[in-house]
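Each remark here refers to the structure printed beneath this line.
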Amino acid sequence: MADEPNSQPFASPLQLFNSIVAQGEHVRSLKDSKAPKDEIDSAVKLLLSLKMSYKAVVGEDYSPACPPGNPAPGSKSGPEATEDCEDFVDPWTVRTSSAKGIDYDKLIVQFGSSKIDKELINRIERATNQRPHRFLRRGIFFSHRDMNQVLDAYENKKPFYLYTGRGPSSEAMHVGHLIPFIFTKWLQDVFSVPLVVQMSDDEKYLWKDLTLEQAYGYTLENAKDIIACGFDINKTFIFSDLEYMGISPGFYKNVVKIQKHVTFNQVKGIFGFTDSDCIGKISFPAVQAAPSFSNSFPQIFRDRADIQCLIPCAIDQDPYFRMTRDVAPRIGYPKPALLHSTFFPALQGAQTKMSASDPNSSIFLTDTAKQIKTKVNKHAFSGGRDTVEEHRQFGGNCDVDVSFMYLAFFLEDDDRLEQIRKDYTSGAMLTGELKKTLIDVLQPLIAEHQARRKEVTDEMVKEFMTPRQLSFHFQ
């Protein structure tokens, strides 16, 4: 049972916010366990009191997706806020005024997740008997929900499965889109578990100026890039929402169950929807939530509804799955676990995510070696000094240098990365030399991906996207 917050004055609005979150979880736990009515009523009364105190302190109603300092979209203090000290993160907008990027430690507190610490990384290594992926070693995947629970199950020979996804808004993907798939492939390999990949073409039709045919066409093209990452066809099911919803009663039934347990006020609070948004947007979060439950895929898991899901994703997708985790026990399903990644920075700096709509903000998977070289040399934000003399004397700043950030994602050798950091920070390595190092890493990486993609046929895509039994042994 969760400890109830005490009645002493709160040190900050954020402390009060976190107490509301904890008390809300306590109330749900009491209801799920069918606790005595007077005990539930007492907990609810305290929760309402905390929310009244929050409104008195902050000046606005409590919203689970809007911690103090992380306001809702559309509000005056939202992503258009002028205060330089605030970060803003939701599924559509990521903004920070810091050249270092988002303050992820603060985001962990705001979102109520847990830090991936050395102890957890060591446990993953022991469980898999494999060296941790560089994304874990370097804090690129930095936050989690219930990963220890997944490891408990795995160590006791109980099953779990992976779920990740892609919103296909354009024909070409950029290198930032590869991050969750690179890590998910590693998880699939080391844990030997099945994977479902949701292509949310319905979402992109609702949010973008696309026809249904265009959205589905982008699904097929993006699926080729995903397959080119090397996923095991015997353990991977890729599906289009537009296609799968109509042929899977189990999936649609879960969508409807989720919709019944989430109110309009809740989705407005979580996602910032307004009265002018189409009803498709308002109902879509239930579609993204449904793959979190194993009986959405009866061809893989038969009628099992008790198999836990692990979701590797960027931290901006967490609001969807906070909602999912809230609903899960109320409809009799296990809560999905999550592994959160940091954002892949735009070439122009870590203040924003890369954008498929701005060709110069990204290295695309279709770029030639010459385009990669030009983009890095011309657009990659530098942490170097204004002159060679100053740089030799004072050194560069790896914390803001985009070329170094990219190397942290893609250079496998830890010792070499550390030597580059030392050389650039001391001034021994110049910005041009650092950029050349990145170019030398990216050019073969993209070329190899392009070669693998050429081998992906339409028939392979069809096979990956056919509902079928996967190679998966579970109790």
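Residues are referred to by chain and number: the chain letter is A, B, ... according to the order shown in the structure tokens, the number counts from 1 in that chain, and ligands are numbered separately from 1 in the order shown.
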Neighbours of Arg134 of chain A within 12 Å (only C-alpha atoms; same-chain residues fewer than 6 positions away dropped), as a PyMOL selection string? chain A and resi 121+140-142+179+182-183+186+407-415+417
Could you save those same residues with N, CA and C atoms as a compact mmCIF listing (two decimals), in the first residue's frame?
# COMPACT_ATOMS: atom_id res chain seq x y z
N ILE A 121 21.19 -1.61 -15.42
CA ILE A 121 21.98 -2.02 -16.59
C ILE A 121 22.73 -3.32 -16.29
N ILE A 140 21.45 6.95 -23.45
CA ILE A 140 20.53 7.37 -24.51
C ILE A 140 19.14 6.82 -24.21
N PHE A 141 19.05 5.56 -23.79
CA PHE A 141 17.83 5.09 -23.12
C PHE A 141 18.08 5.29 -21.64
N PHE A 142 17.31 6.20 -21.06
CA PHE A 142 17.67 6.75 -19.75
C PHE A 142 16.60 6.56 -18.68
N ILE A 179 16.59 5.19 -34.23
CA ILE A 179 17.03 4.95 -32.85
C ILE A 179 16.18 3.89 -32.14
N ILE A 182 16.82 0.39 -33.86
CA ILE A 182 18.14 -0.19 -33.57
C ILE A 182 18.12 -0.86 -32.19
N PHE A 183 17.56 -0.15 -31.22
CA PHE A 183 17.55 -0.68 -29.85
C PHE A 183 16.55 -1.83 -29.71
N TRP A 186 18.04 -5.02 -30.92
CA TRP A 186 18.95 -5.60 -29.92
C TRP A 186 18.15 -6.32 -28.83
N LEU A 407 27.92 11.13 -32.78
CA LEU A 407 28.88 10.05 -32.56
C LEU A 407 28.49 9.22 -31.33
N ALA A 408 27.92 9.87 -30.32
CA ALA A 408 27.48 9.14 -29.14
C ALA A 408 26.39 8.13 -29.48
N PHE A 409 25.59 8.42 -30.50
CA PHE A 409 24.56 7.49 -30.94
C PHE A 409 25.12 6.36 -31.80
N PHE A 410 26.10 6.68 -32.67
CA PHE A 410 26.44 5.74 -33.74
C PHE A 410 27.84 5.14 -33.67
N LEU A 411 28.75 5.72 -32.91
CA LEU A 411 30.09 5.16 -32.81
C LEU A 411 30.11 4.09 -31.72
N GLU A 412 30.40 2.85 -32.09
CA GLU A 412 30.30 1.74 -31.14
C GLU A 412 31.42 1.74 -30.11
N ASP A 413 32.61 2.17 -30.48
CA ASP A 413 33.80 2.06 -29.64
C ASP A 413 33.79 3.10 -28.52
N ASP A 414 33.59 2.65 -27.28
CA ASP A 414 33.53 3.57 -26.14
C ASP A 414 34.87 4.28 -25.92
N ASP A 415 35.96 3.55 -26.07
CA ASP A 415 37.27 4.15 -25.82
C ASP A 415 37.57 5.24 -26.84
N LEU A 417 35.35 7.00 -28.51
CA LEU A 417 34.46 8.14 -28.24
C LEU A 417 35.01 8.99 -27.10
What lies within 10 Å of Met147 of chain A using only C-alpha atoms, ignoring chain neighbours under 3 positions off, as a list in words?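 Once the nearby chain positions are removed, what remains is Ser114, Ile116, Leu120, Ile124, Ser143, His144, Val150, Leu151, Asp152, Ala153, Leu310, Ile311, Pro336, Ala337, Leu338 and Leu339 of chain A.
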Only C-alpha atoms, please: the residues just picked out, written as a PDB file, in the first residue's frame.
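Generated file (selection-v1.pdb):
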ATOM      1  CA  SER A 114      12.449   5.902 -13.001  1.00  0.00           C
ATOM      2  CA  ILE A 116      17.894   3.633 -15.740  1.00  0.00           C
ATOM      3  CA  LEU A 120      19.478  -1.936 -13.716  1.00  0.00           C
ATOM      4  CA  ILE A 124      20.020  -6.594 -17.852  1.00  0.00           C
ATOM      5  CA  SER A 143      14.283   6.161 -18.135  1.00  0.00           C
ATOM      6  CA  HIS A 144      11.906   3.269 -17.570  1.00  0.00           C
ATOM      7  CA  VAL A 150       9.897  -7.534 -16.934  1.00  0.00           C
ATOM      8  CA  LEU A 151      13.236  -8.930 -15.799  1.00  0.00           C
ATOM      9  CA  ASP A 152      11.557 -10.715 -12.877  1.00  0.00           C
ATOM     10  CA  ALA A 153       9.250 -12.442 -15.349  1.00  0.00           C
ATOM     11  CA  LEU A 310       7.704  -3.848 -23.119  1.00  0.00           C
ATOM     12  CA  ILE A 311       7.673  -0.642 -25.163  1.00  0.00           C
ATOM     13  CA  PRO A 336       2.904  -2.199 -20.181  1.00  0.00           C
ATOM     14  CA  ALA A 337       6.510  -1.524 -19.199  1.00  0.00           C
ATOM     15  CA  LEU A 338       8.512   1.173 -20.984  1.00  0.00           C
ATOM     16  CA  LEU A 339      12.077   2.109 -21.872  1.00  0.00           C
TER      17      LEU A 339
END
Residues at most 10 Å from Gly230 of chain A, counting only C-alpha atoms, excluding those fewer than 5 positions away in the same chain, as JSON, numbers by chain? {"A": [181, 182, 185, 186, 225, 449, 452, 453]}
Since we have the selection now, will you write its residues out, keeping all heavy atoms, as a PDB file, in the first residue's frame?
ATOM      1  N   PHE A 181      14.342   1.596 -33.378  1.00  0.00           N
ATOM      2  CA  PHE A 181      14.395   0.307 -34.079  1.00  0.00           C
ATOM      3  C   PHE A 181      15.744  -0.385 -33.885  1.00  0.00           C
ATOM      4  O   PHE A 181      15.802  -1.611 -33.747  1.00  0.00           O
ATOM      5  CB  PHE A 181      14.079   0.506 -35.561  1.00  0.00           C
ATOM      6  CG  PHE A 181      12.666   0.970 -35.795  1.00  0.00           C
ATOM      7  CD1 PHE A 181      12.402   2.253 -36.208  1.00  0.00           C
ATOM      8  CD2 PHE A 181      11.605   0.111 -35.550  1.00  0.00           C
ATOM      9  CE1 PHE A 181      11.103   2.690 -36.399  1.00  0.00           C
ATOM     10  CE2 PHE A 181      10.295   0.533 -35.737  1.00  0.00           C
ATOM     11  CZ  PHE A 181      10.042   1.830 -36.165  1.00  0.00           C
ATOM     12  N   ILE A 182      16.823   0.392 -33.859  1.00  0.00           N
ATOM     13  CA  ILE A 182      18.136  -0.192 -33.569  1.00  0.00           C
ATOM     14  C   ILE A 182      18.123  -0.856 -32.186  1.00  0.00           C
ATOM     15  O   ILE A 182      18.587  -1.993 -32.002  1.00  0.00           O
ATOM     16  CB  ILE A 182      19.238   0.883 -33.639  1.00  0.00           C
ATOM     17  CG1 ILE A 182      19.452   1.347 -35.081  1.00  0.00           C
ATOM     18  CG2 ILE A 182      20.550   0.365 -33.054  1.00  0.00           C
ATOM     19  CD1 ILE A 182      20.359   2.555 -35.209  1.00  0.00           C
ATOM     20  N   LYS A 185      15.704  -3.962 -32.015  1.00  0.00           N
ATOM     21  CA  LYS A 185      16.304  -5.154 -32.619  1.00  0.00           C
ATOM     22  C   LYS A 185      17.254  -5.817 -31.626  1.00  0.00           C
ATOM     23  O   LYS A 185      17.272  -7.055 -31.500  1.00  0.00           O
ATOM     24  CB  LYS A 185      17.058  -4.816 -33.902  1.00  0.00           C
ATOM     25  CG  LYS A 185      17.648  -6.067 -34.562  1.00  0.00           C
ATOM     26  CD  LYS A 185      18.625  -5.772 -35.658  1.00  0.00           C
ATOM     27  CE  LYS A 185      19.146  -7.067 -36.284  1.00  0.00           C
ATOM     28  NZ  LYS A 185      19.790  -7.971 -35.332  1.00  0.00           N
ATOM     29  N   TRP A 186      18.039  -5.022 -30.920  1.00  0.00           N
ATOM     30  CA  TRP A 186      18.949  -5.595 -29.921  1.00  0.00           C
ATOM     31  C   TRP A 186      18.148  -6.316 -28.834  1.00  0.00           C
ATOM     32  O   TRP A 186      18.501  -7.438 -28.434  1.00  0.00           O
ATOM     33  CB  TRP A 186      19.810  -4.497 -29.309  1.00  0.00           C
ATOM     34  CG  TRP A 186      20.782  -4.993 -28.292  1.00  0.00           C
ATOM     35  CD1 TRP A 186      21.997  -5.577 -28.516  1.00  0.00           C
ATOM     36  CD2 TRP A 186      20.618  -4.957 -26.856  1.00  0.00           C
ATOM     37  NE1 TRP A 186      22.596  -5.906 -27.323  1.00  0.00           N
ATOM     38  CE2 TRP A 186      21.786  -5.539 -26.294  1.00  0.00           C
ATOM     39  CE3 TRP A 186      19.620  -4.480 -26.018  1.00  0.00           C
ATOM     40  CZ2 TRP A 186      21.949  -5.663 -24.920  1.00  0.00           C
ATOM     41  CZ3 TRP A 186      19.783  -4.609 -24.643  1.00  0.00           C
ATOM     42  CH2 TRP A 186      20.945  -5.191 -24.105  1.00  0.00           C
ATOM     43  N   ASP A 225      12.284   0.253 -44.634  1.00  0.00           N
ATOM     44  CA  ASP A 225      13.402   0.736 -43.820  1.00  0.00           C
ATOM     45  C   ASP A 225      13.469   0.007 -42.487  1.00  0.00           C
ATOM     46  O   ASP A 225      14.558  -0.278 -41.973  1.00  0.00           O
ATOM     47  CB  ASP A 225      13.272   2.244 -43.593  1.00  0.00           C
ATOM     48  CG  ASP A 225      13.735   3.056 -44.787  1.00  0.00           C
ATOM     49  OD1 ASP A 225      14.889   2.868 -45.212  1.00  0.00           O
ATOM     50  OD2 ASP A 225      12.951   3.865 -45.305  1.00  0.00           O
ATOM     51  N   HIS A 449      22.750   0.594 -44.900  1.00  0.00           N
ATOM     52  CA  HIS A 449      21.299   0.530 -44.734  1.00  0.00           C
ATOM     53  C   HIS A 449      20.605   0.544 -46.094  1.00  0.00           C
ATOM     54  O   HIS A 449      19.659  -0.221 -46.333  1.00  0.00           O
ATOM     55  CB  HIS A 449      20.804   1.703 -43.879  1.00  0.00           C
ATOM     56  CG  HIS A 449      19.311   1.702 -43.696  1.00  0.00           C
ATOM     57  ND1 HIS A 449      18.681   1.015 -42.684  1.00  0.00           N
ATOM     58  CD2 HIS A 449      18.321   2.288 -44.431  1.00  0.00           C
ATOM     59  CE1 HIS A 449      17.367   1.173 -42.796  1.00  0.00           C
ATOM     60  NE2 HIS A 449      17.128   1.944 -43.847  1.00  0.00           N
ATOM     61  N   ARG A 452      20.849  -2.845 -47.730  1.00  0.00           N
ATOM     62  CA  ARG A 452      19.911  -3.814 -47.148  1.00  0.00           C
ATOM     63  C   ARG A 452      18.478  -3.527 -47.587  1.00  0.00           C
ATOM     64  O   ARG A 452      17.702  -4.445 -47.856  1.00  0.00           O
ATOM     65  CB  ARG A 452      20.008  -3.792 -45.613  1.00  0.00           C
ATOM     66  CG  ARG A 452      21.317  -4.332 -45.051  1.00  0.00           C
ATOM     67  CD  ARG A 452      21.216  -4.567 -43.555  1.00  0.00           C
ATOM     68  NE  ARG A 452      20.863  -3.370 -42.818  1.00  0.00           N
ATOM     69  CZ  ARG A 452      21.749  -2.502 -42.313  1.00  0.00           C
ATOM     70  NH1 ARG A 452      23.057  -2.715 -42.497  1.00  0.00           N
ATOM     71  NH2 ARG A 452      21.349  -1.442 -41.643  1.00  0.00           N
ATOM     72  N   ARG A 453      18.144  -2.252 -47.667  1.00  0.00           N
ATOM     73  CA  ARG A 453      16.784  -1.885 -48.064  1.00  0.00           C
ATOM     74  C   ARG A 453      16.492  -2.321 -49.493  1.00  0.00           C
ATOM     75  O   ARG A 453      15.358  -2.731 -49.817  1.00  0.00           O
ATOM     76  CB  ARG A 453      16.575  -0.378 -47.926  1.00  0.00           C
ATOM     77  CG  ARG A 453      15.102   0.053 -48.050  1.00  0.00           C
ATOM     78  CD  ARG A 453      14.985   1.565 -48.046  1.00  0.00           C
ATOM     79  NE  ARG A 453      13.613   2.005 -47.910  1.00  0.00           N
ATOM     80  CZ  ARG A 453      12.725   2.071 -48.901  1.00  0.00           C
ATOM     81  NH1 ARG A 453      13.077   1.668 -50.122  1.00  0.00           N
ATOM     82  NH2 ARG A 453      11.495   2.513 -48.694  1.00  0.00           N
TER      83      ARG A 453
END
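Nearest residue to Arg304 of chain A, choosing from A:Gln288, A:Pro159, A:Val461, A:Glu418 and counting only C-alpha atoms: A:Pro159.
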Using only C-alpha atoms, the shortest atom-to-atom distance to Ser248 of chain A among A:Pro334, A:Asn295, A:Ala314, A:Ser426 belongs to A:Asn295
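Of note, atom CA of Val441 of chain A and atom CA of Cys229 of chain A are spaced 16.9 Å apart.
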For the alpha helix (DSSP H) assignment from backbone DSSP, which residues of segment 50-282 of chain A qualify? Please present them as a PyMOL selection string. chain A and resi 50-58+104-111+118-128+134-137+147-155+175-191+201-207+212-227+241-244+249-260+264-271+279-282
Considering only C-alpha atoms, return as a ChimeraX atom specification whatever protein or nucleic-acid residues lie within 10 Å of Ile40 of chain A, sequence-local ones (same chain, fewer than 2 positions apart) excluded. /A:26-31,34-38,42-46
Keeping only C-alpha atoms, write those residues as a PDB file, in the first residue's frame.
ATOM      1  CA  HIS A  26      -3.165   4.655  -4.342  1.00  0.00           C
ATOM      2  CA  VAL A  27      -6.862   5.237  -5.019  1.00  0.00           C
ATOM      3  CA  ARG A  28      -6.767   3.071  -8.151  1.00  0.00           C
ATOM      4  CA  SER A  29      -4.938   0.344  -6.240  1.00  0.00           C
ATOM      5  CA  LEU A  30      -7.600   0.362  -3.527  1.00  0.00           C
ATOM      6  CA  LYS A  31     -10.371   0.139  -6.104  1.00  0.00           C
ATOM      7  CA  LYS A  34     -11.835  -4.019  -3.841  1.00  0.00           C
ATOM      8  CA  ALA A  35     -10.836  -2.395  -0.547  1.00  0.00           C
ATOM      9  CA  PRO A  36     -13.536  -1.422   1.979  1.00  0.00           C
ATOM     10  CA  LYS A  37     -15.680   1.506   0.847  1.00  0.00           C
ATOM     11  CA  ASP A  38     -14.750   3.740   3.784  1.00  0.00           C
ATOM     12  CA  SER A  42     -11.031   8.439   2.676  1.00  0.00           C
ATOM     13  CA  ALA A  43      -8.352   8.127  -0.009  1.00  0.00           C
ATOM     14  CA  VAL A  44     -10.552   9.890  -2.582  1.00  0.00           C
ATOM     15  CA  LYS A  45     -11.259  12.701  -0.110  1.00  0.00           C
ATOM     16  CA  LEU A  46      -7.530  13.235   0.396  1.00  0.00           C
TER      17      LEU A  46
END
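Within segment 268-434 of chain A, residues classed as strand (DSSP E or B) by DSSP on backbone coordinates are Gln308, Cys309, Leu310, Ile311, Pro312, Cys313, Ala314, Ala337, Leu338, Leu339, His340, Ser341, Pro345, Ala346, Gly349, Ala350, Gln351, Thr352, Lys353 and Phe364 of chain A.
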How would the residues just chosen look if you wrote them out with N, CA and C atoms as a short mmCIF file (atom, residue, chain, number, x, y, z; two decimals), in the first residue's frame?
data_model
loop_
_atom_site.label_atom_id
_atom_site.label_comp_id
_atom_site.auth_asym_id
_atom_site.auth_seq_id
_atom_site.Cartn_x
_atom_site.Cartn_y
_atom_site.Cartn_z
N GLN A 308 2.89 -9.65 -20.54
CA GLN A 308 3.28 -8.24 -20.41
C GLN A 308 4.00 -7.75 -21.66
N CYS A 309 3.84 -6.47 -21.91
CA CYS A 309 4.42 -5.81 -23.07
C CYS A 309 5.52 -4.86 -22.60
N LEU A 310 6.62 -4.80 -23.36
CA LEU A 310 7.70 -3.85 -23.12
C LEU A 310 7.81 -2.93 -24.33
N ILE A 311 7.74 -1.62 -24.09
CA ILE A 311 7.67 -0.64 -25.16
C ILE A 311 8.92 0.23 -25.15
N PRO A 312 9.84 0.06 -26.11
CA PRO A 312 10.94 1.02 -26.26
C PRO A 312 10.44 2.19 -27.13
N CYS A 313 10.61 3.41 -26.64
CA CYS A 313 10.12 4.57 -27.39
C CYS A 313 10.81 5.82 -26.89
N ALA A 314 10.69 6.90 -27.64
CA ALA A 314 11.18 8.20 -27.18
C ALA A 314 10.27 8.69 -26.06
N ALA A 337 5.26 -2.13 -19.68
CA ALA A 337 6.51 -1.52 -19.20
C ALA A 337 7.10 -0.69 -20.33
N LEU A 338 7.94 0.29 -19.98
CA LEU A 338 8.51 1.17 -20.98
C LEU A 338 9.99 1.40 -20.77
N LEU A 339 10.70 1.63 -21.88
CA LEU A 339 12.08 2.11 -21.87
C LEU A 339 12.10 3.37 -22.72
N HIS A 340 12.51 4.49 -22.13
CA HIS A 340 12.45 5.79 -22.80
C HIS A 340 13.82 6.22 -23.31
N SER A 341 13.84 6.74 -24.53
CA SER A 341 15.08 7.29 -25.08
C SER A 341 15.06 8.80 -25.05
N PRO A 345 18.98 14.92 -31.80
CA PRO A 345 18.93 16.36 -32.08
C PRO A 345 18.95 16.67 -33.57
N ALA A 346 18.36 17.80 -33.92
CA ALA A 346 18.49 18.31 -35.28
C ALA A 346 19.93 18.74 -35.52
N GLY A 349 21.00 21.88 -33.78
CA GLY A 349 21.18 21.94 -32.33
C GLY A 349 20.15 21.11 -31.60
N ALA A 350 20.36 20.94 -30.30
CA ALA A 350 19.55 20.03 -29.49
C ALA A 350 18.26 20.66 -28.99
N GLN A 351 17.96 21.90 -29.42
CA GLN A 351 16.74 22.54 -28.92
C GLN A 351 15.47 21.89 -29.44
N THR A 352 15.54 21.19 -30.58
CA THR A 352 14.35 20.57 -31.17
C THR A 352 14.68 19.18 -31.68
N LYS A 353 13.62 18.42 -32.00
CA LYS A 353 13.79 17.14 -32.67
C LYS A 353 14.09 17.39 -34.14
N PHE A 364 18.93 12.04 -43.95
CA PHE A 364 17.91 11.08 -44.36
C PHE A 364 18.54 9.77 -44.80
#
12 Å contact set for Asp232 of chain A, only C-alpha atoms, chain neighbours under 4 positions out, as a VMD selection string: chain A and resid 184 to 189 192 to 196 226 to 228 236 to 238 460 463 to 464 470 to 472
Would you please work out which residue, of A:Leu242, A:Leu206, A:Met173, A:Cys398, is nearest to Leu365 of chain A when using only C-alpha atoms?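 Closest to Leu365 of chain A, using only C-alpha atoms: A:Met173.
Nearest to Glu203 of chain A of all the residues A:His133, A:Lys436, A:His261, A:Lys281 is A:Lys281, based on only C-alpha atoms.
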Between atom CA of Val267 of chain A and atom CA of Pro319 of chain A, what distance in Å does the model show, to one decimal?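 Atom CA of Pro319 of chain A lies 9.8 Å from atom CA of Val267 of chain A.
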For Ala286 of chain A, the nearest of the candidates A:Asp241, A:Glu60, A:Asp117, A:Asp303, counting only C-alpha atoms: A:Asp241
Selected residue, from A:Pro132, A:Arg385, A:Asp209, A:Pro467, that lies nearest to Met245 of chain A when counting only C-alpha atoms: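 Closest to Met245 of chain A, using only C-alpha atoms: A:Pro467.
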